[in-house]
$ cat target-v7.cif   # mmCIF, C-alpha atoms; chains and numbers go by the auth columns
data_data
loop_
_atom_site.group_PDB
_atom_site.id
_atom_site.type_symbol
_atom_site.label_atom_id
_atom_site.label_comp_id
_atom_site.label_asym_id
_atom_site.label_seq_id
_atom_site.Cartn_x
_atom_site.Cartn_y
_atom_site.Cartn_z
_atom_site.B_iso_or_equiv
_atom_site.auth_seq_id
_atom_site.auth_asym_id
ATOM 1 C CA MET A 1 -51.153 26.104 -2.538 0.00 1 A
ATOM 2 C CA ARG A 2 -47.843 27.477 -1.373 0.00 2 A
ATOM 3 C CA THR A 3 -44.800 25.839 -2.847 0.00 3 A
ATOM 4 C CA PRO A 4 -41.826 25.606 -0.509 0.00 4 A
ATOM 5 C CA ASP A 5 -38.458 27.020 -1.416 0.00 5 A
ATOM 6 C CA ARG A 6 -36.597 24.590 -3.644 0.00 6 A
ATOM 7 C CA SER A 7 -33.292 26.455 -3.696 0.00 7 A
ATOM 8 C CA GLY A 8 -31.723 23.520 -1.884 0.00 8 A
ATOM 9 C CA ALA A 9 -32.662 21.077 -4.651 0.00 9 A
ATOM 10 C CA PRO A 10 -29.602 19.080 -5.691 0.00 10 A
ATOM 11 C CA HIS A 11 -27.824 18.937 -8.991 0.00 11 A
ATOM 12 C CA THR A 12 -29.526 16.493 -11.288 0.00 12 A
ATOM 13 C CA ASP A 13 -28.127 13.958 -13.732 0.00 13 A
ATOM 14 C CA LEU A 14 -31.311 13.928 -15.818 0.00 14 A
ATOM 15 C CA ASP A 15 -30.483 13.375 -19.495 0.00 15 A
ATOM 16 C CA PRO A 16 -29.865 16.921 -20.852 0.00 16 A
ATOM 17 C CA GLN A 17 -31.787 16.196 -24.055 0.00 17 A
ATOM 18 C CA LEU A 18 -34.835 15.217 -22.040 0.00 18 A
ATOM 19 C CA ALA A 19 -34.371 18.134 -19.661 0.00 19 A
ATOM 20 C CA ALA A 20 -34.365 20.499 -22.656 0.00 20 A
ATOM 21 C CA ARG A 21 -37.804 19.208 -23.700 0.00 21 A
ATOM 22 C CA LEU A 22 -39.554 19.703 -20.361 0.00 22 A
ATOM 23 C CA LYS A 23 -41.896 22.635 -19.818 0.00 23 A
ATOM 24 C CA ARG A 24 -41.887 23.242 -16.084 0.00 24 A
ATOM 25 C CA ASP A 25 -44.237 25.403 -14.058 0.00 25 A
ATOM 26 C CA PRO A 26 -42.854 28.487 -12.276 0.00 26 A
ATOM 27 C CA ASP A 27 -41.769 26.225 -9.414 0.00 27 A
ATOM 28 C CA GLY A 28 -39.781 23.944 -11.720 0.00 28 A
ATOM 29 C CA LEU A 29 -42.301 21.103 -11.549 0.00 29 A
ATOM 30 C CA ILE A 30 -44.275 19.015 -13.989 0.00 30 A
ATOM 31 C CA THR A 31 -47.476 17.089 -13.293 0.00 31 A
ATOM 32 C CA ALA A 32 -47.233 13.305 -12.988 0.00 32 A
ATOM 33 C CA VAL A 33 -50.403 11.271 -13.510 0.00 33 A
ATOM 34 C CA VAL A 34 -49.974 7.817 -11.992 0.00 34 A
ATOM 35 C CA GLN A 35 -51.897 4.889 -13.432 0.00 35 A
ATOM 36 C CA ASP A 36 -52.055 1.260 -12.361 0.00 36 A
ATOM 37 C CA ALA A 37 -50.415 -0.690 -15.189 0.00 37 A
ATOM 38 C CA THR A 38 -52.695 -3.684 -14.691 0.00 38 A
ATOM 39 C CA ASP A 39 -56.214 -2.465 -13.963 0.00 39 A
ATOM 40 C CA HIS A 40 -55.654 1.000 -15.514 0.00 40 A
ATOM 41 C CA ARG A 41 -57.141 2.918 -12.612 0.00 41 A
ATOM 42 C CA VAL A 42 -55.806 6.433 -12.153 0.00 42 A
ATOM 43 C CA LEU A 43 -54.181 6.201 -8.731 0.00 43 A
ATOM 44 C CA MET A 44 -52.983 9.714 -7.907 0.00 44 A
ATOM 45 C CA VAL A 45 -51.311 12.835 -9.224 0.00 45 A
ATOM 46 C CA GLY A 46 -47.872 13.875 -8.025 0.00 46 A
ATOM 47 C CA TRP A 47 -45.265 16.438 -8.993 0.00 47 A
ATOM 48 C CA MET A 48 -41.727 15.957 -10.255 0.00 48 A
ATOM 49 C CA ASP A 49 -38.770 18.216 -10.743 0.00 49 A
ATOM 50 C CA ASP A 50 -35.882 17.121 -12.965 0.00 50 A
ATOM 51 C CA GLU A 51 -34.201 15.125 -10.222 0.00 51 A
ATOM 52 C CA ALA A 52 -37.403 13.316 -9.205 0.00 52 A
ATOM 53 C CA LEU A 53 -37.903 12.360 -12.844 0.00 53 A
ATOM 54 C CA HIS A 54 -34.289 11.219 -13.072 0.00 54 A
ATOM 55 C CA ARG A 55 -34.702 9.021 -10.002 0.00 55 A
ATOM 56 C CA THR A 56 -37.993 7.651 -11.342 0.00 56 A
ATOM 57 C CA LEU A 57 -36.402 6.740 -14.676 0.00 57 A
ATOM 58 C CA THR A 58 -33.258 5.181 -13.254 0.00 58 A
ATOM 59 C CA SER A 59 -34.235 3.507 -9.973 0.00 59 A
ATOM 60 C CA GLY A 60 -37.335 1.531 -10.939 0.00 60 A
ATOM 61 C CA ARG A 61 -39.392 3.347 -8.293 0.00 61 A
ATOM 62 C CA ALA A 62 -41.658 6.356 -8.664 0.00 62 A
ATOM 63 C CA THR A 63 -40.238 9.377 -6.875 0.00 63 A
ATOM 64 C CA TYR A 64 -41.894 12.772 -6.473 0.00 64 A
ATOM 65 C CA TRP A 65 -41.276 16.259 -5.141 0.00 65 A
ATOM 66 C CA SER A 66 -43.559 16.814 -2.182 0.00 66 A
ATOM 67 C CA ARG A 67 -44.892 20.348 -2.460 0.00 67 A
ATOM 68 C CA SER A 68 -46.280 20.254 1.082 0.00 68 A
ATOM 69 C CA ARG A 69 -43.142 18.905 2.740 0.00 69 A
ATOM 70 C CA GLY A 70 -40.564 20.463 0.412 0.00 70 A
ATOM 71 C CA GLU A 71 -38.577 17.288 -0.080 0.00 71 A
ATOM 72 C CA TYR A 72 -38.169 14.288 -2.336 0.00 72 A
ATOM 73 C CA TRP A 73 -40.628 11.537 -1.700 0.00 73 A
ATOM 74 C CA ARG A 74 -39.928 8.020 -2.900 0.00 74 A
ATOM 75 C CA LYS A 75 -43.361 6.458 -2.764 0.00 75 A
ATOM 76 C CA GLY A 76 -43.468 3.622 -0.246 0.00 76 A
ATOM 77 C CA ASP A 77 -40.441 4.539 1.873 0.00 77 A
ATOM 78 C CA THR A 78 -42.704 5.318 4.823 0.00 78 A
ATOM 79 C CA SER A 79 -45.876 3.408 3.977 0.00 79 A
ATOM 80 C CA GLY A 80 -44.432 0.384 2.207 0.00 80 A
ATOM 81 C CA HIS A 81 -46.793 1.203 -0.651 0.00 81 A
ATOM 82 C CA VAL A 82 -44.102 1.154 -3.323 0.00 82 A
ATOM 83 C CA GLN A 83 -44.779 2.037 -6.949 0.00 83 A
ATOM 84 C CA TRP A 84 -42.665 -0.057 -9.315 0.00 84 A
ATOM 85 C CA VAL A 85 -42.265 1.766 -12.615 0.00 85 A
ATOM 86 C CA ARG A 86 -43.590 0.047 -15.709 0.00 86 A
ATOM 87 C CA SER A 87 -43.426 2.976 -18.163 0.00 87 A
ATOM 88 C CA VAL A 88 -43.130 6.756 -18.284 0.00 88 A
ATOM 89 C CA ALA A 89 -44.467 8.909 -21.130 0.00 89 A
ATOM 90 C CA LEU A 90 -44.330 12.671 -21.711 0.00 90 A
ATOM 91 C CA ASP A 91 -47.351 14.439 -23.169 0.00 91 A
ATOM 92 C CA CYS A 92 -47.533 16.566 -26.315 0.00 92 A
ATOM 93 C CA ASP A 93 -46.977 19.793 -24.376 0.00 93 A
ATOM 94 C CA ALA A 94 -44.043 18.288 -22.441 0.00 94 A
ATOM 95 C CA ASP A 95 -45.512 19.472 -19.147 0.00 95 A
ATOM 96 C CA THR A 96 -47.198 16.285 -17.953 0.00 96 A
ATOM 97 C CA LEU A 97 -45.984 12.734 -17.378 0.00 97 A
ATOM 98 C CA LEU A 98 -47.989 9.544 -17.426 0.00 98 A
ATOM 99 C CA VAL A 99 -46.350 7.050 -15.061 0.00 99 A
ATOM 100 C CA ARG A 100 -47.658 3.502 -15.217 0.00 100 A
ATOM 101 C CA VAL A 101 -46.821 1.460 -12.150 0.00 101 A
ATOM 102 C CA ASP A 102 -47.268 -1.774 -10.311 0.00 102 A
ATOM 103 C CA GLN A 103 -48.757 -0.459 -7.082 0.00 103 A
ATOM 104 C CA VAL A 104 -48.043 -2.262 -3.803 0.00 104 A
ATOM 105 C CA GLY A 105 -50.926 -1.766 -1.381 0.00 105 A
ATOM 106 C CA ALA A 106 -52.981 1.425 -1.271 0.00 106 A
ATOM 107 C CA ALA A 107 -51.932 4.320 -3.498 0.00 107 A
ATOM 108 C CA CYS A 108 -53.626 6.944 -1.326 0.00 108 A
ATOM 109 C CA HIS A 109 -52.217 8.076 2.003 0.00 109 A
ATOM 110 C CA ARG A 110 -55.739 7.713 3.388 0.00 110 A
ATOM 111 C CA GLY A 111 -55.557 3.971 2.821 0.00 111 A
ATOM 112 C CA THR A 112 -57.843 3.772 -0.194 0.00 112 A
ATOM 113 C CA ASP A 113 -56.795 2.107 -3.432 0.00 113 A
ATOM 114 C CA THR A 114 -56.724 5.417 -5.291 0.00 114 A
ATOM 115 C CA CYS A 115 -56.924 9.094 -4.378 0.00 115 A
ATOM 116 C CA PHE A 116 -60.233 9.354 -6.249 0.00 116 A
ATOM 117 C CA ASP A 117 -62.231 6.897 -4.144 0.00 117 A
ATOM 118 C CA ASP A 118 -64.298 9.461 -2.231 0.00 118 A
ATOM 119 C CA GLY A 119 -67.320 9.174 -4.538 0.00 119 A
ATOM 120 C CA ASP A 120 -68.273 10.906 -7.748 0.00 120 A
ATOM 121 C CA LEU A 121 -69.472 14.485 -7.866 0.00 121 A
ATOM 122 C CA ASP A 122 -73.030 15.114 -8.978 0.00 122 A
ATOM 123 C CA ALA A 123 -72.725 15.452 -12.742 0.00 123 A
ATOM 124 C CA LEU A 124 -75.136 15.542 -15.645 0.00 124 A
ATOM 125 C CA VAL A 125 -74.471 12.482 -17.819 0.00 125 A
ATOM 126 C CA LEU A 126 -76.299 12.729 -21.122 0.00 126 A
ATOM 127 C CA ASP A 127 -77.793 9.630 -22.616 0.00 127 A
ATOM 128 C CA PRO A 128 -76.235 8.868 -26.011 0.00 128 A
ATOM 129 C CA THR A 129 -79.556 9.740 -27.664 0.00 129 A
ATOM 130 C CA GLU A 130 -79.352 13.237 -26.141 0.00 130 A
ATOM 131 C CA ARG A 131 -75.828 13.958 -27.336 0.00 131 A
ATOM 132 C CA THR A 132 -75.868 16.599 -30.023 0.00 132 A
ATOM 133 C CA ALA A 133 -72.657 18.582 -30.210 0.00 133 A
ATOM 134 C CA MET B 1 -45.642 28.489 -18.116 0.00 1 B
ATOM 135 C CA ARG B 2 -47.210 31.921 -17.917 0.00 2 B
ATOM 136 C CA THR B 3 -50.808 32.017 -16.835 0.00 3 B
ATOM 137 C CA PRO B 4 -52.892 34.753 -18.439 0.00 4 B
ATOM 138 C CA ASP B 5 -54.802 37.269 -16.404 0.00 5 B
ATOM 139 C CA ARG B 6 -58.103 35.738 -15.297 0.00 6 B
ATOM 140 C CA SER B 7 -59.568 38.926 -13.832 0.00 7 B
ATOM 141 C CA GLY B 8 -62.246 38.822 -16.514 0.00 8 B
ATOM 142 C CA ALA B 9 -63.450 35.374 -15.438 0.00 9 B
ATOM 143 C CA PRO B 10 -67.214 35.447 -14.948 0.00 10 B
ATOM 144 C CA HIS B 11 -69.267 34.871 -11.851 0.00 11 B
ATOM 145 C CA THR B 12 -69.833 31.175 -11.344 0.00 12 B
ATOM 146 C CA ASP B 13 -72.853 29.223 -10.168 0.00 13 B
ATOM 147 C CA LEU B 14 -70.752 26.315 -8.936 0.00 14 B
ATOM 148 C CA ASP B 15 -72.341 24.714 -5.879 0.00 15 B
ATOM 149 C CA PRO B 16 -70.944 26.723 -2.929 0.00 16 B
ATOM 150 C CA GLN B 17 -70.425 23.590 -0.832 0.00 17 B
ATOM 151 C CA LEU B 18 -68.279 22.078 -3.578 0.00 18 B
ATOM 152 C CA ALA B 19 -66.486 25.370 -4.158 0.00 19 B
ATOM 153 C CA ALA B 20 -65.588 25.489 -0.466 0.00 20 B
ATOM 154 C CA ARG B 21 -63.860 22.105 -0.750 0.00 21 B
ATOM 155 C CA LEU B 22 -61.620 22.955 -3.709 0.00 22 B
ATOM 156 C CA LYS B 23 -57.936 23.697 -3.194 0.00 23 B
ATOM 157 C CA ARG B 24 -56.943 25.859 -6.138 0.00 24 B
ATOM 158 C CA ASP B 25 -53.453 26.803 -7.290 0.00 25 B
ATOM 159 C CA PRO B 26 -52.384 30.473 -7.122 0.00 26 B
ATOM 160 C CA ASP B 27 -54.099 31.019 -10.487 0.00 27 B
ATOM 161 C CA GLY B 28 -57.401 29.644 -9.215 0.00 28 B
ATOM 162 C CA LEU B 29 -57.122 26.381 -11.145 0.00 29 B
ATOM 163 C CA ILE B 30 -57.245 22.695 -10.371 0.00 30 B
ATOM 164 C CA THR B 31 -55.782 19.858 -12.428 0.00 31 B
ATOM 165 C CA ALA B 32 -58.183 17.697 -14.431 0.00 32 B
ATOM 166 C CA VAL B 33 -57.011 14.241 -15.491 0.00 33 B
ATOM 167 C CA VAL B 34 -59.159 12.984 -18.349 0.00 34 B
ATOM 168 C CA GLN B 35 -59.652 9.265 -18.822 0.00 35 B
ATOM 169 C CA ASP B 36 -61.527 7.326 -21.491 0.00 36 B
ATOM 170 C CA ALA B 37 -64.464 5.711 -19.684 0.00 37 B
ATOM 171 C CA THR B 38 -64.394 2.643 -21.917 0.00 38 B
ATOM 172 C CA ASP B 39 -60.782 1.662 -22.578 0.00 39 B
ATOM 173 C CA HIS B 40 -59.406 3.495 -19.516 0.00 40 B
ATOM 174 C CA ARG B 41 -56.596 5.223 -21.373 0.00 41 B
ATOM 175 C CA VAL B 42 -55.459 8.519 -19.873 0.00 42 B
ATOM 176 C CA LEU B 43 -56.275 10.956 -22.655 0.00 43 B
ATOM 177 C CA MET B 44 -54.966 14.329 -21.510 0.00 44 B
ATOM 178 C CA VAL B 45 -54.627 16.731 -18.613 0.00 45 B
ATOM 179 C CA GLY B 46 -56.484 20.034 -18.570 0.00 46 B
ATOM 180 C CA TRP B 47 -57.153 22.794 -16.077 0.00 47 B
ATOM 181 C CA MET B 48 -60.431 24.009 -14.598 0.00 48 B
ATOM 182 C CA ASP B 49 -61.465 27.009 -12.600 0.00 49 B
ATOM 183 C CA ASP B 50 -64.757 26.982 -10.686 0.00 50 B
ATOM 184 C CA GLU B 51 -66.794 28.005 -13.726 0.00 51 B
ATOM 185 C CA ALA B 52 -65.195 25.395 -16.012 0.00 52 B
ATOM 186 C CA LEU B 53 -66.014 22.754 -13.405 0.00 53 B
ATOM 187 C CA HIS B 54 -69.568 24.074 -13.107 0.00 54 B
ATOM 188 C CA ARG B 55 -70.021 23.851 -16.872 0.00 55 B
ATOM 189 C CA THR B 56 -68.511 20.360 -16.941 0.00 56 B
ATOM 190 C CA LEU B 57 -70.867 19.146 -14.206 0.00 57 B
ATOM 191 C CA THR B 58 -74.029 20.706 -15.636 0.00 58 B
ATOM 192 C CA SER B 59 -73.692 20.567 -19.431 0.00 59 B
ATOM 193 C CA GLY B 60 -72.625 16.975 -20.055 0.00 60 B
ATOM 194 C CA ARG B 61 -69.476 18.185 -21.848 0.00 61 B
ATOM 195 C CA ALA B 62 -65.958 18.590 -20.494 0.00 62 B
ATOM 196 C CA THR B 63 -64.954 22.239 -20.364 0.00 63 B
ATOM 197 C CA TYR B 64 -61.556 23.641 -19.395 0.00 64 B
ATOM 198 C CA TRP B 65 -59.739 26.887 -18.800 0.00 65 B
ATOM 199 C CA SER B 66 -57.093 27.268 -21.486 0.00 66 B
ATOM 200 C CA ARG B 67 -53.983 28.620 -19.804 0.00 67 B
ATOM 201 C CA SER B 68 -52.339 29.402 -23.134 0.00 68 B
ATOM 202 C CA ARG B 69 -55.312 31.200 -24.678 0.00 69 B
ATOM 203 C CA GLY B 70 -56.782 32.652 -21.490 0.00 70 B
ATOM 204 C CA GLU B 71 -60.327 31.556 -22.229 0.00 71 B
ATOM 205 C CA TYR B 72 -62.832 28.801 -21.626 0.00 72 B
ATOM 206 C CA TRP B 73 -62.453 25.868 -23.916 0.00 73 B
ATOM 207 C CA ARG B 74 -65.328 23.442 -24.396 0.00 74 B
ATOM 208 C CA LYS B 75 -63.567 20.431 -25.825 0.00 75 B
ATOM 209 C CA GLY B 76 -64.721 19.717 -29.369 0.00 76 B
ATOM 210 C CA ASP B 77 -66.185 23.129 -30.249 0.00 77 B
ATOM 211 C CA THR B 78 -63.441 23.671 -32.819 0.00 78 B
ATOM 212 C CA SER B 79 -62.259 20.130 -33.531 0.00 79 B
ATOM 213 C CA GLY B 80 -65.506 18.207 -33.195 0.00 80 B
ATOM 214 C CA HIS B 81 -63.653 15.980 -30.721 0.00 81 B
ATOM 215 C CA VAL B 82 -66.242 16.300 -27.985 0.00 82 B
ATOM 216 C CA GLN B 83 -65.817 14.753 -24.538 0.00 83 B
ATOM 217 C CA TRP B 84 -69.142 13.544 -23.114 0.00 84 B
ATOM 218 C CA VAL B 85 -68.920 13.402 -19.346 0.00 85 B
ATOM 219 C CA ARG B 86 -69.449 10.032 -17.700 0.00 86 B
ATOM 220 C CA SER B 87 -68.243 10.864 -14.191 0.00 87 B
ATOM 221 C CA VAL B 88 -66.227 13.420 -12.243 0.00 88 B
ATOM 222 C CA ALA B 89 -64.378 12.677 -8.995 0.00 89 B
ATOM 223 C CA LEU B 90 -62.335 14.900 -6.703 0.00 90 B
ATOM 224 C CA ASP B 91 -59.164 13.544 -5.122 0.00 91 B
ATOM 225 C CA CYS B 92 -58.300 13.312 -1.429 0.00 92 B
ATOM 226 C CA ASP B 93 -56.465 16.663 -1.485 0.00 93 B
ATOM 227 C CA ALA B 94 -59.324 18.377 -3.362 0.00 94 B
ATOM 228 C CA ASP B 95 -56.896 19.812 -5.899 0.00 95 B
ATOM 229 C CA THR B 96 -57.269 17.298 -8.733 0.00 96 B
ATOM 230 C CA LEU B 97 -60.255 16.008 -10.695 0.00 97 B
ATOM 231 C CA LEU B 98 -60.616 12.721 -12.504 0.00 98 B
ATOM 232 C CA VAL B 99 -62.983 13.213 -15.433 0.00 99 B
ATOM 233 C CA ARG B 100 -64.121 10.057 -17.216 0.00 100 B
ATOM 234 C CA VAL B 101 -65.474 10.697 -20.676 0.00 101 B
ATOM 235 C CA ASP B 102 -66.728 9.198 -23.871 0.00 102 B
ATOM 236 C CA GLN B 103 -64.226 10.688 -26.304 0.00 103 B
ATOM 237 C CA VAL B 104 -65.289 11.506 -29.856 0.00 104 B
ATOM 238 C CA GLY B 105 -62.317 11.227 -32.216 0.00 105 B
ATOM 239 C CA ALA B 106 -58.794 12.131 -31.154 0.00 106 B
ATOM 240 C CA ALA B 107 -58.269 13.576 -27.690 0.00 107 B
ATOM 241 C CA CYS B 108 -54.980 15.282 -28.613 0.00 108 B
ATOM 242 C CA HIS B 109 -54.845 18.442 -30.718 0.00 109 B
ATOM 243 C CA ARG B 110 -52.059 16.752 -32.682 0.00 110 B
ATOM 244 C CA GLY B 111 -54.554 14.166 -33.933 0.00 111 B
ATOM 245 C CA THR B 112 -53.398 11.237 -31.812 0.00 112 B
ATOM 246 C CA ASP B 113 -55.776 9.254 -29.627 0.00 113 B
ATOM 247 C CA THR B 114 -54.166 10.560 -26.453 0.00 114 B
ATOM 248 C CA CYS B 115 -51.648 13.259 -25.530 0.00 115 B
ATOM 249 C CA PHE B 116 -49.221 10.559 -24.361 0.00 116 B
ATOM 250 C CA ASP B 117 -48.761 8.766 -27.691 0.00 117 B
ATOM 251 C CA ASP B 118 -45.293 10.075 -28.470 0.00 118 B
ATOM 252 C CA GLY B 119 -43.482 7.008 -27.143 0.00 119 B
ATOM 253 C CA ASP B 120 -42.265 6.037 -23.724 0.00 120 B
ATOM 254 C CA LEU B 121 -39.200 7.562 -22.127 0.00 121 B
ATOM 255 C CA ASP B 122 -36.234 5.309 -21.484 0.00 122 B
ATOM 256 C CA ALA B 123 -36.913 3.929 -18.007 0.00 123 B
ATOM 257 C CA LEU B 124 -35.478 1.170 -15.876 0.00 124 B
ATOM 258 C CA VAL B 125 -38.192 -1.431 -15.324 0.00 125 B
ATOM 259 C CA LEU B 126 -37.206 -3.918 -12.652 0.00 126 B
ATOM 260 C CA ASP B 127 -38.136 -7.541 -13.089 0.00 127 B
ATOM 261 C CA PRO B 128 -40.397 -8.695 -10.223 0.00 128 B
ATOM 262 C CA THR B 129 -37.557 -10.904 -8.972 0.00 129 B
ATOM 263 C CA GLU B 130 -35.373 -7.790 -8.598 0.00 130 B
ATOM 264 C CA ARG B 131 -37.896 -5.777 -6.628 0.00 131 B
ATOM 265 C CA THR B 132 -36.716 -5.358 -3.067 0.00 132 B
ATOM 266 C CA ALA B 133 -38.093 -2.225 -1.424 0.00 133 B
#

$ encode --input "target-v7.cif" --output "structure tokens"
Amino acid sequence: MRTPDRSGAPHTDLDPQLAARLKRDPDGLITAVVQDATDHRVLMVGWMDDEALHRTLTSGRATYWSRSRGEYWRKGDTSGHVQWVRSVALDCDADTLLVRVDQVGAACHRGTDTCFDDGDLDALVLDPTERTA
Amino acid sequence: MRTPDRSGAPHTDLDPQLAARLKRDPDGLITAVVQDATDHRVLMVGWMDDEALHRTLTSGRATYWSRSRGEYWRKGDTSGHVQWVRSVALDCDADTLLVRVDQVGAACHRGTDTCFDDGDLDALVLDPTERTA
């Protein structure tokens, strides 16, 4: 996946102490896993740079960096499917965020509740009696 | 984050039809969000290439590509903290997997239940009465 030029990304007011903890990918982004705060479904995965994280933490609404469009993307501005932030946690490696939200409407741009609603892949699921590590 | 050379990655027997759907990053990897199948907590995020996905789908155990060590990593081989696969789903963009597992012991290498147990970041959470999109 090609990542657009982000040289035009604005100055950010993200807390410098938090910014110093983040481990960004070569494009300056960290992974954001988005989970419904009520039913705990994993809704989608997005990407944030420092400014998207700053906006997410300070505005009450989940905001991402769109890698395909090369611009900030405040979820719901076009679709109405707003994500109201309930909590944000950084993982042990400081390269992934878990964003818990109150989701308005469908999380997926295809109109489904989550981005993982296209059916499970064919996977071997061992019965507990067969599980010998 | 530097990604090690993967030129030594083996041939894979991943189903060609599935392989044709995947949208990999420049390093040949896709994101894998790992969720506890029972309590629905998000446990961690890992990375899979085609062979790691093949092993995950056919062995009953979640297997990743370790970007830091540059090798396959079958969760639990060292720690005993095995992840038994319950389901695997691909997202709408075909670049992210949701892997639901039965987790044995701690999911995080730091010994915590999940990799997101280090406390929430300071975030503005709007009261429902304040939410005007």

$ interface_residues --input "target-v7.cif" --of "chain B" --to "chain A" --cutoff "7 Å" --atoms "all atoms listed in the file" --output "PyMOL selection string"
chain B and resi 1+24-26+40+57-60+85-92+115-116+119-126

$ residues_around --input "target-v7.cif" --residues "A:Pro16" --least-positions-apart "3" --cutoff "12 Å" --atoms "only C-alpha atoms" --output "NGL selection string"
:A and (12-13 or 19-22 or 50-51 or 54)

$ write_last_selection --input "target-v7.cif" --atoms "C-alpha atoms" --output "JSON list (two decimals), in the frame of the given file"
[["chain", "number", "residue", "atom", "x", "y", "z"],
["A", 12, "THR", "CA", -29.53, 16.49, -11.29],
["A", 13, "ASP", "CA", -28.13, 13.96, -13.73],
["A", 19, "ALA", "CA", -34.37, 18.13, -19.66],
["A", 20, "ALA", "CA", -34.36, 20.50, -22.66],
["A", 21, "ARG", "CA", -37.80, 19.21, -23.70],
["A", 22, "LEU", "CA", -39.55, 19.70, -20.36],
["A", 50, "ASP", "CA", -35.88, 17.12, -12.96],
["A", 51, "GLU", "CA", -34.20, 15.12, -10.22],
["A", 54, "HIS", "CA", -34.29, 11.22, -13.07]]

$ atom_distance --input "target-v7.cif" --atom1 "atom CA of A:Glu71" --atom2 "atom CA of A:Ala107"
18.9 Å

$ resolve_selection --input "target-v7.cif" --expression "the PyMOL selection byres ((chain A and resi 64) around 7)" --output "list in words"
Gly46, Trp47, Met48, Ala52, Ala62, Thr63, Trp65, Ser66, Tyr72, Trp73 and Arg74 of chain A

$ build_atoms --input "target-v7.cif" --residues "stretch 14-19 of chain B" --atoms "all heavy atoms" --output "CSV table (one decimal), in the frame of the given file"
chain,number,residue,atom,x,y,z
B,14,LEU,N,-71.2,27.6,-9.5
B,14,LEU,CA,-70.8,26.3,-8.9
B,14,LEU,C,-71.3,26.2,-7.5
B,14,LEU,O,-71.3,27.2,-6.8
B,14,LEU,CB,-69.2,26.2,-8.9
B,14,LEU,CG,-68.6,24.9,-8.3
B,14,LEU,CD1,-68.9,23.8,-9.3
B,14,LEU,CD2,-67.1,25.1,-8.1
B,15,ASP,N,-71.8,25.0,-7.2
B,15,ASP,CA,-72.3,24.7,-5.9
B,15,ASP,C,-71.4,25.2,-4.8
B,15,ASP,O,-70.2,24.8,-4.8
B,15,ASP,CB,-72.5,23.2,-5.8
B,15,ASP,CG,-72.8,22.7,-4.4
B,15,ASP,OD1,-73.3,23.5,-3.6
B,15,ASP,OD2,-72.5,21.6,-4.0
B,16,PRO,N,-71.8,26.1,-3.9
B,16,PRO,CA,-70.9,26.7,-2.9
B,16,PRO,C,-70.3,25.7,-2.0
B,16,PRO,O,-69.1,25.9,-1.6
B,16,PRO,CB,-71.9,27.7,-2.1
B,16,PRO,CG,-73.0,27.9,-3.1
B,16,PRO,CD,-73.2,26.7,-3.9
B,17,GLN,N,-71.0,24.6,-1.7
B,17,GLN,CA,-70.4,23.6,-0.8
B,17,GLN,C,-69.3,22.9,-1.5
B,17,GLN,O,-68.2,22.6,-0.9
B,17,GLN,CB,-71.5,22.6,-0.4
B,17,GLN,CG,-72.4,23.0,0.6
B,17,GLN,CD,-73.3,21.9,1.2
B,17,GLN,OE1,-73.9,21.1,0.4
B,17,GLN,NE2,-73.3,21.8,2.5
B,18,LEU,N,-69.4,22.7,-2.8
B,18,LEU,CA,-68.3,22.1,-3.6
B,18,LEU,C,-67.2,23.1,-3.7
B,18,LEU,O,-66.0,22.8,-3.5
B,18,LEU,CB,-68.8,21.6,-4.9
B,18,LEU,CG,-67.7,21.1,-5.9
B,18,LEU,CD1,-66.9,20.0,-5.3
B,18,LEU,CD2,-68.4,20.6,-7.2
B,19,ALA,N,-67.5,24.3,-4.0
B,19,ALA,CA,-66.5,25.4,-4.2
B,19,ALA,C,-65.6,25.5,-2.9
B,19,ALA,O,-64.4,25.8,-2.9
B,19,ALA,CB,-67.1,26.7,-4.5
